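Text of the file coords_8.cif, holding mmCIF, C-alpha atoms:
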```
data_final
loop_
_atom_site.label_atom_id
_atom_site.label_comp_id
_atom_site.auth_asym_id
_atom_site.auth_seq_id
_atom_site.Cartn_x
_atom_site.Cartn_y
_atom_site.Cartn_z
CA MET H 1 23.02 10.80 12.36
CA ALA H 2 19.44 9.84 13.11
CA LYS H 3 17.65 6.57 13.78
CA TYR H 4 14.81 5.43 11.52
CA ASN H 5 12.62 2.35 11.49
CA LEU H 6 11.83 1.89 7.83
CA LYS H 7 9.00 -0.34 6.63
CA ILE H 8 10.67 -2.14 3.73
CA ASN H 9 9.22 -5.11 1.88
CA GLY H 10 6.87 -5.91 4.75
CA LYS H 11 9.50 -5.75 7.51
CA THR H 12 10.66 -2.98 9.82
CA ARG H 13 14.36 -2.31 9.35
CA PRO H 14 16.28 0.01 11.69
CA VAL H 15 18.96 2.33 10.28
CA ASP H 16 21.13 5.06 11.77
CA VAL H 17 22.04 7.47 8.98
CA ASP H 18 22.33 11.14 8.13
CA PRO H 19 18.77 12.45 7.54
CA ALA H 20 19.79 13.83 4.13
CA THR H 21 20.97 10.43 2.85
CA PRO H 22 19.00 9.46 -0.25
CA LEU H 23 16.84 6.39 0.24
CA LEU H 24 18.74 4.71 -2.61
CA TRP H 25 21.97 4.64 -0.59
CA VAL H 26 20.19 3.53 2.58
CA LEU H 27 18.74 0.58 0.66
CA ARG H 28 21.96 -0.37 -1.09
CA ASP H 29 24.67 0.48 1.44
CA HIS H 30 22.96 0.06 4.80
CA LEU H 31 20.29 -2.59 4.21
CA ASP H 32 21.98 -4.78 1.57
CA LEU H 33 19.18 -4.39 -1.00
CA PRO H 34 21.20 -3.90 -4.21
CA GLY H 35 18.34 -4.44 -6.68
CA THR H 36 17.56 -0.73 -6.76
CA LYS H 37 20.15 0.80 -9.08
CA TYR H 38 21.99 4.11 -9.25
CA GLY H 39 21.65 5.64 -12.69
CA CYS H 40 21.83 9.40 -12.98
CA GLY H 41 21.44 10.66 -9.41
CA ILE H 42 19.02 13.40 -10.49
CA ALA H 43 15.76 11.41 -10.73
CA GLN H 44 15.68 11.49 -14.52
CA CYS H 45 16.47 7.91 -15.61
CA GLY H 46 14.24 5.75 -13.38
CA ALA H 47 16.84 3.10 -12.48
CA CYS H 48 16.32 3.86 -8.78
CA THR H 49 12.52 3.49 -8.80
CA VAL H 50 10.89 1.98 -5.72
CA HIS H 51 7.32 2.10 -4.43
CA LEU H 52 6.43 4.40 -1.56
CA ASN H 53 2.93 3.41 -0.43
CA SER H 54 2.43 1.76 -3.84
CA THR H 55 3.46 4.88 -5.78
CA ALA H 56 6.57 4.80 -7.97
CA VAL H 57 9.21 7.25 -6.69
CA ARG H 58 12.85 7.94 -7.49
CA SER H 59 14.90 6.91 -4.49
CA CYS H 60 18.06 8.75 -5.54
CA GLN H 61 16.51 12.12 -4.67
CA LEU H 62 14.29 11.09 -1.76
CA PRO H 63 15.99 11.81 1.58
CA VAL H 64 15.43 9.07 4.13
CA SER H 65 14.06 11.71 6.51
CA ALA H 66 11.10 12.25 4.14
CA VAL H 67 9.96 8.62 4.19
CA GLY H 68 8.32 8.67 7.61
CA ASP H 69 6.02 5.71 8.29
CA GLU H 70 5.28 5.03 4.63
CA ALA H 71 5.75 1.52 3.26
CA ILE H 72 8.66 1.02 0.86
CA THR H 73 8.73 -1.79 -1.69
CA THR H 74 11.89 -2.56 -3.62
CA ILE H 75 12.35 -4.97 -6.52
CA GLU H 76 13.35 -7.59 -3.93
CA GLY H 77 9.94 -7.19 -2.27
CA LEU H 78 7.74 -6.99 -5.37
CA SER H 79 7.20 -10.76 -5.20
CA GLU H 80 8.75 -13.43 -3.05
CA LYS H 81 9.63 -15.77 -5.92
CA GLY H 82 9.97 -13.35 -8.82
CA ASP H 83 6.54 -14.33 -10.06
CA HIS H 84 4.82 -10.95 -10.18
CA PRO H 85 2.91 -10.68 -13.49
CA VAL H 86 5.24 -7.91 -14.69
CA GLN H 87 8.33 -9.97 -13.88
CA GLN H 88 6.86 -12.98 -15.68
CA ALA H 89 5.98 -10.86 -18.72
CA TRP H 90 9.52 -9.43 -18.77
CA LEU H 91 10.87 -12.95 -19.11
CA GLU H 92 8.26 -13.98 -21.67
CA HIS H 93 9.14 -11.02 -23.89
CA ASP H 94 12.90 -11.26 -23.27
CA VAL H 95 12.93 -7.57 -22.35
CA ALA H 96 16.30 -7.27 -20.66
CA GLN H 97 19.47 -6.83 -22.65
CA CYS H 98 22.07 -5.36 -20.33
CA GLY H 99 19.46 -5.44 -17.56
CA TYR H 100 20.69 -2.41 -15.65
CA CYS H 101 17.46 -0.40 -15.87
CA GLN H 102 15.14 -3.36 -15.47
CA SER H 103 14.38 -3.16 -11.75
CA GLY H 104 13.31 0.47 -12.18
CA GLN H 105 11.36 -0.36 -15.33
CA ILE H 106 9.56 -3.23 -13.60
CA MET H 107 8.73 -1.15 -10.53
CA SER H 108 7.34 1.65 -12.72
CA ALA H 109 5.32 -0.83 -14.79
CA ALA H 110 3.88 -2.49 -11.68
CA ALA H 111 2.82 0.91 -10.29
CA LEU H 112 1.29 1.86 -13.64
CA LEU H 113 -0.75 -1.34 -13.78
CA ARG H 114 -1.91 -0.88 -10.19
CA THR H 115 -3.49 2.47 -11.09
CA ASN H 116 -4.43 1.61 -14.68
CA PRO H 117 -4.94 -2.13 -15.17
CA THR H 118 -5.64 -1.85 -18.91
CA PRO H 119 -3.48 0.97 -20.28
CA SER H 120 -3.44 1.93 -23.95
CA ASP H 121 -0.14 2.18 -25.82
CA GLU H 122 -0.18 5.94 -25.27
CA GLU H 123 -0.83 5.51 -21.53
CA ILE H 124 2.03 3.01 -21.28
CA GLU H 125 4.38 5.41 -23.05
CA ALA H 126 3.29 8.27 -20.78
CA GLY H 127 3.51 6.14 -17.65
CA MET H 128 6.96 4.82 -18.50
CA SER H 129 8.38 8.04 -19.95
CA GLY H 130 10.60 8.68 -16.93
CA ASN H 131 12.48 5.40 -17.38
CA ILE H 132 15.42 5.27 -19.75
CA CYS H 133 16.64 2.06 -21.35
CA ARG H 134 20.00 2.58 -23.03
CA CYS H 135 19.56 -0.69 -24.93
CA GLY H 136 16.33 0.58 -26.48
CA THR H 137 14.00 -2.29 -25.58
CA TYR H 138 10.99 0.03 -25.40
CA LEU H 139 8.84 -2.00 -27.78
CA ARG H 140 9.41 -5.16 -25.75
CA ILE H 141 8.73 -3.23 -22.54
CA ARG H 142 5.39 -2.06 -23.93
CA GLU H 143 4.45 -5.57 -25.06
CA ALA H 144 5.43 -7.02 -21.68
CA ILE H 145 3.24 -4.47 -19.89
CA LYS H 146 0.33 -5.37 -22.16
CA THR H 147 0.88 -9.07 -21.37
CA ALA H 148 1.07 -8.38 -17.63
CA ALA H 149 -2.16 -6.39 -17.87
CA LYS H 150 -3.92 -9.53 -19.10
CA SER H 151 -2.73 -11.54 -16.07
#
```
For this file, write the structure as structure tokens.
Amino acid sequence: MAKYNLKINGKTRPVDVDPATPLLWVLRDHLDLPGTKYGCGIAQCGACTVHLNSTAVRSCQLPVSAVGDEAITTIEGLSEKGDHPVQQAWLEHDVAQCGYCQSGQIMSAAALLRTNPTPSDEEIEAGMSGNICRCGTYLRIREAIKTAAKS
């Protein structure tokens, strides 16, 4: 076990965990932040996406020991009231069906728009390609991202 002071959603949170523990399980099991989801466990589906210093990363394969002093943002910390432009666009376009992948989709979309505020359809598809939606709401996801880009 090792002690870490993680910077999560603007607050420092202490944890005492095995250094090899994936960040996903630290968030969910030790810090009671269940918005980040477990999907595949091999960083291929995107359900576990969080921001590490504003960059989208897969938390299921990121050991807590690799985080260091970098700032972590989870879906719970993206906006205080759920009013981030991407979250608002998700509601406007009724993106979620089952909803399981949505926190990862939203986190990836927010990171995409931070680096590319006016992406083309092709850039949206490329930027979101690592996120799988089993319900197939990809067209609504793309339209929601385009709406959020206008905000």
Checklist outcome for this item: With distances taken over all atoms listed in the file, the candidate from H:Cys60, H:Leu24, H:Met128, H:Val50 nearest Ser103 in chain H is H:Val50
Checklist entry - With distances taken over all atoms listed in the file, which of H:Ala47, H:Ala96, H:Ala66, H:Met1 is nearest to Ser108 in chain H? => result H:Ala47
Checklist outcome for this item: A straight line from CA of Val26 in chain H to CA of Arg134 in chain H spans 25.6 Å
Checklist entry - For Lys150 in chain H, which residue out of H:Pro117, H:Gln44, H:Val15, H:His51 is the nearest one, using all atoms listed in the file? => result H:Pro117
Item to check | Ground truth for the PyMOL selection byres ((chain H and resi 69-85) around 9), written as a PyMOL selection string | outcome: chain H and resi 5-10+27+33-36+49-54+67-68+86-90+103-104+106-107+110+145+147-151
Write a file of the just-selected residues containing C-alpha atoms, as a short mmCIF file (atom, residue, chain, number, x, y, z; two decimals), keeping the file's coordinate frame.
```
data_model
loop_
_atom_site.label_atom_id
_atom_site.label_comp_id
_atom_site.auth_asym_id
_atom_site.auth_seq_id
_atom_site.Cartn_x
_atom_site.Cartn_y
_atom_site.Cartn_z
CA ASN H 5 12.62 2.35 11.49
CA LEU H 6 11.83 1.89 7.83
CA LYS H 7 9.00 -0.34 6.63
CA ILE H 8 10.67 -2.14 3.73
CA ASN H 9 9.22 -5.11 1.88
CA GLY H 10 6.87 -5.91 4.75
CA LEU H 27 18.74 0.58 0.66
CA LEU H 33 19.18 -4.39 -1.00
CA PRO H 34 21.20 -3.90 -4.21
CA GLY H 35 18.34 -4.44 -6.68
CA THR H 36 17.56 -0.73 -6.76
CA THR H 49 12.52 3.49 -8.80
CA VAL H 50 10.89 1.98 -5.72
CA HIS H 51 7.32 2.10 -4.43
CA LEU H 52 6.43 4.40 -1.56
CA ASN H 53 2.93 3.41 -0.43
CA SER H 54 2.43 1.76 -3.84
CA VAL H 67 9.96 8.62 4.19
CA GLY H 68 8.32 8.67 7.61
CA VAL H 86 5.24 -7.91 -14.69
CA GLN H 87 8.33 -9.97 -13.88
CA GLN H 88 6.86 -12.98 -15.68
CA ALA H 89 5.98 -10.86 -18.72
CA TRP H 90 9.52 -9.43 -18.77
CA SER H 103 14.38 -3.16 -11.75
CA GLY H 104 13.31 0.47 -12.18
CA ILE H 106 9.56 -3.23 -13.60
CA MET H 107 8.73 -1.15 -10.53
CA ALA H 110 3.88 -2.49 -11.68
CA ILE H 145 3.24 -4.47 -19.89
CA THR H 147 0.88 -9.07 -21.37
CA ALA H 148 1.07 -8.38 -17.63
CA ALA H 149 -2.16 -6.39 -17.87
CA LYS H 150 -3.92 -9.53 -19.10
CA SER H 151 -2.73 -11.54 -16.07
#
```
For range 53-72 of chain H, where the input has fewer atoms than it should, I would like N, CA, C and O atoms rebuilt and written as an mmCIF file, in the coordinates of the input.
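The resulting file, rebuild.cif, is reproduced below:
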```
data_model
loop_
_atom_site.group_PDB
_atom_site.id
_atom_site.type_symbol
_atom_site.label_atom_id
_atom_site.label_comp_id
_atom_site.auth_asym_id
_atom_site.auth_seq_id
_atom_site.Cartn_x
_atom_site.Cartn_y
_atom_site.Cartn_z
ATOM 1 N N ASN H 53 4.379 3.585 -0.540
ATOM 2 C CA ASN H 53 2.930 3.410 -0.430
ATOM 3 C C ASN H 53 2.315 3.130 -1.794
ATOM 4 O O ASN H 53 1.332 3.762 -2.187
ATOM 5 N N SER H 54 2.926 2.232 -2.537
ATOM 6 C CA SER H 54 2.430 1.760 -3.840
ATOM 7 C C SER H 54 2.585 2.760 -4.983
ATOM 8 O O SER H 54 2.122 2.500 -6.085
ATOM 9 N N THR H 55 3.221 3.883 -4.742
ATOM 10 C CA THR H 55 3.460 4.880 -5.780
ATOM 11 C C THR H 55 4.930 4.819 -6.190
ATOM 12 O O THR H 55 5.813 4.779 -5.324
ATOM 13 N N ALA H 56 5.193 4.821 -7.488
ATOM 14 C CA ALA H 56 6.570 4.800 -7.970
ATOM 15 C C ALA H 56 7.251 6.133 -7.662
ATOM 16 O O ALA H 56 6.716 7.192 -7.982
ATOM 17 N N VAL H 57 8.421 6.061 -7.008
ATOM 18 C CA VAL H 57 9.210 7.250 -6.690
ATOM 19 C C VAL H 57 10.669 6.980 -7.018
ATOM 20 O O VAL H 57 11.110 5.830 -7.076
ATOM 21 N N ARG H 58 11.417 8.040 -7.225
ATOM 22 C CA ARG H 58 12.850 7.940 -7.490
ATOM 23 C C ARG H 58 13.603 8.041 -6.171
ATOM 24 O O ARG H 58 13.603 9.075 -5.517
ATOM 25 N N SER H 59 14.243 6.976 -5.797
ATOM 26 C CA SER H 59 14.900 6.910 -4.490
ATOM 27 C C SER H 59 16.209 7.674 -4.418
ATOM 28 O O SER H 59 16.698 7.961 -3.333
ATOM 29 N N CYS H 60 16.775 8.035 -5.558
ATOM 30 C CA CYS H 60 18.060 8.750 -5.540
ATOM 31 C C CYS H 60 17.927 10.189 -5.035
ATOM 32 O O CYS H 60 18.902 10.775 -4.592
ATOM 33 N N GLN H 61 16.738 10.745 -5.100
ATOM 34 C CA GLN H 61 16.510 12.120 -4.670
ATOM 35 C C GLN H 61 15.589 12.225 -3.463
ATOM 36 O O GLN H 61 15.255 13.321 -3.043
ATOM 37 N N LEU H 62 15.188 11.108 -2.906
ATOM 38 C CA LEU H 62 14.290 11.090 -1.760
ATOM 39 C C LEU H 62 15.105 10.910 -0.481
ATOM 40 O O LEU H 62 15.633 9.829 -0.232
ATOM 41 N N PRO H 63 15.227 11.970 0.334
ATOM 42 C CA PRO H 63 15.990 11.810 1.580
ATOM 43 C C PRO H 63 15.266 10.845 2.521
ATOM 44 O O PRO H 63 14.037 10.848 2.599
ATOM 45 N N VAL H 64 16.019 10.042 3.221
ATOM 46 C CA VAL H 64 15.430 9.070 4.130
ATOM 47 C C VAL H 64 14.543 9.765 5.164
ATOM 48 O O VAL H 64 13.533 9.203 5.598
ATOM 49 N N SER H 65 14.860 10.980 5.516
ATOM 50 C CA SER H 65 14.060 11.710 6.510
ATOM 51 C C SER H 65 12.651 12.013 6.009
ATOM 52 O O SER H 65 11.759 12.278 6.812
ATOM 53 N N ALA H 66 12.420 11.959 4.707
ATOM 54 C CA ALA H 66 11.100 12.250 4.140
ATOM 55 C C ALA H 66 10.202 11.025 4.053
ATOM 56 O O ALA H 66 9.016 11.148 3.750
ATOM 57 N N VAL H 67 10.720 9.854 4.335
ATOM 58 C CA VAL H 67 9.960 8.620 4.190
ATOM 59 C C VAL H 67 8.902 8.467 5.281
ATOM 60 O O VAL H 67 7.781 8.047 5.011
ATOM 61 N N GLY H 68 9.260 8.790 6.498
ATOM 62 C CA GLY H 68 8.320 8.670 7.610
ATOM 63 C C GLY H 68 7.882 7.230 7.822
ATOM 64 O O GLY H 68 8.678 6.301 7.764
ATOM 65 N N ASP H 69 6.578 7.042 8.031
ATOM 66 C CA ASP H 69 6.020 5.710 8.290
ATOM 67 C C ASP H 69 5.513 5.026 7.027
ATOM 68 O O ASP H 69 4.842 4.001 7.106
ATOM 69 N N GLU H 70 5.812 5.585 5.872
ATOM 70 C CA GLU H 70 5.280 5.030 4.630
ATOM 71 C C GLU H 70 5.976 3.714 4.279
ATOM 72 O O GLU H 70 7.152 3.513 4.577
ATOM 73 N N ALA H 71 5.229 2.830 3.646
ATOM 74 C CA ALA H 71 5.750 1.520 3.260
ATOM 75 C C ALA H 71 6.575 1.634 1.980
ATOM 76 O O ALA H 71 6.140 2.232 1.001
ATOM 77 N N ILE H 72 7.746 1.031 2.002
ATOM 78 C CA ILE H 72 8.660 1.020 0.860
ATOM 79 C C ILE H 72 8.674 -0.400 0.290
ATOM 80 O O ILE H 72 8.779 -1.370 1.034
#
```
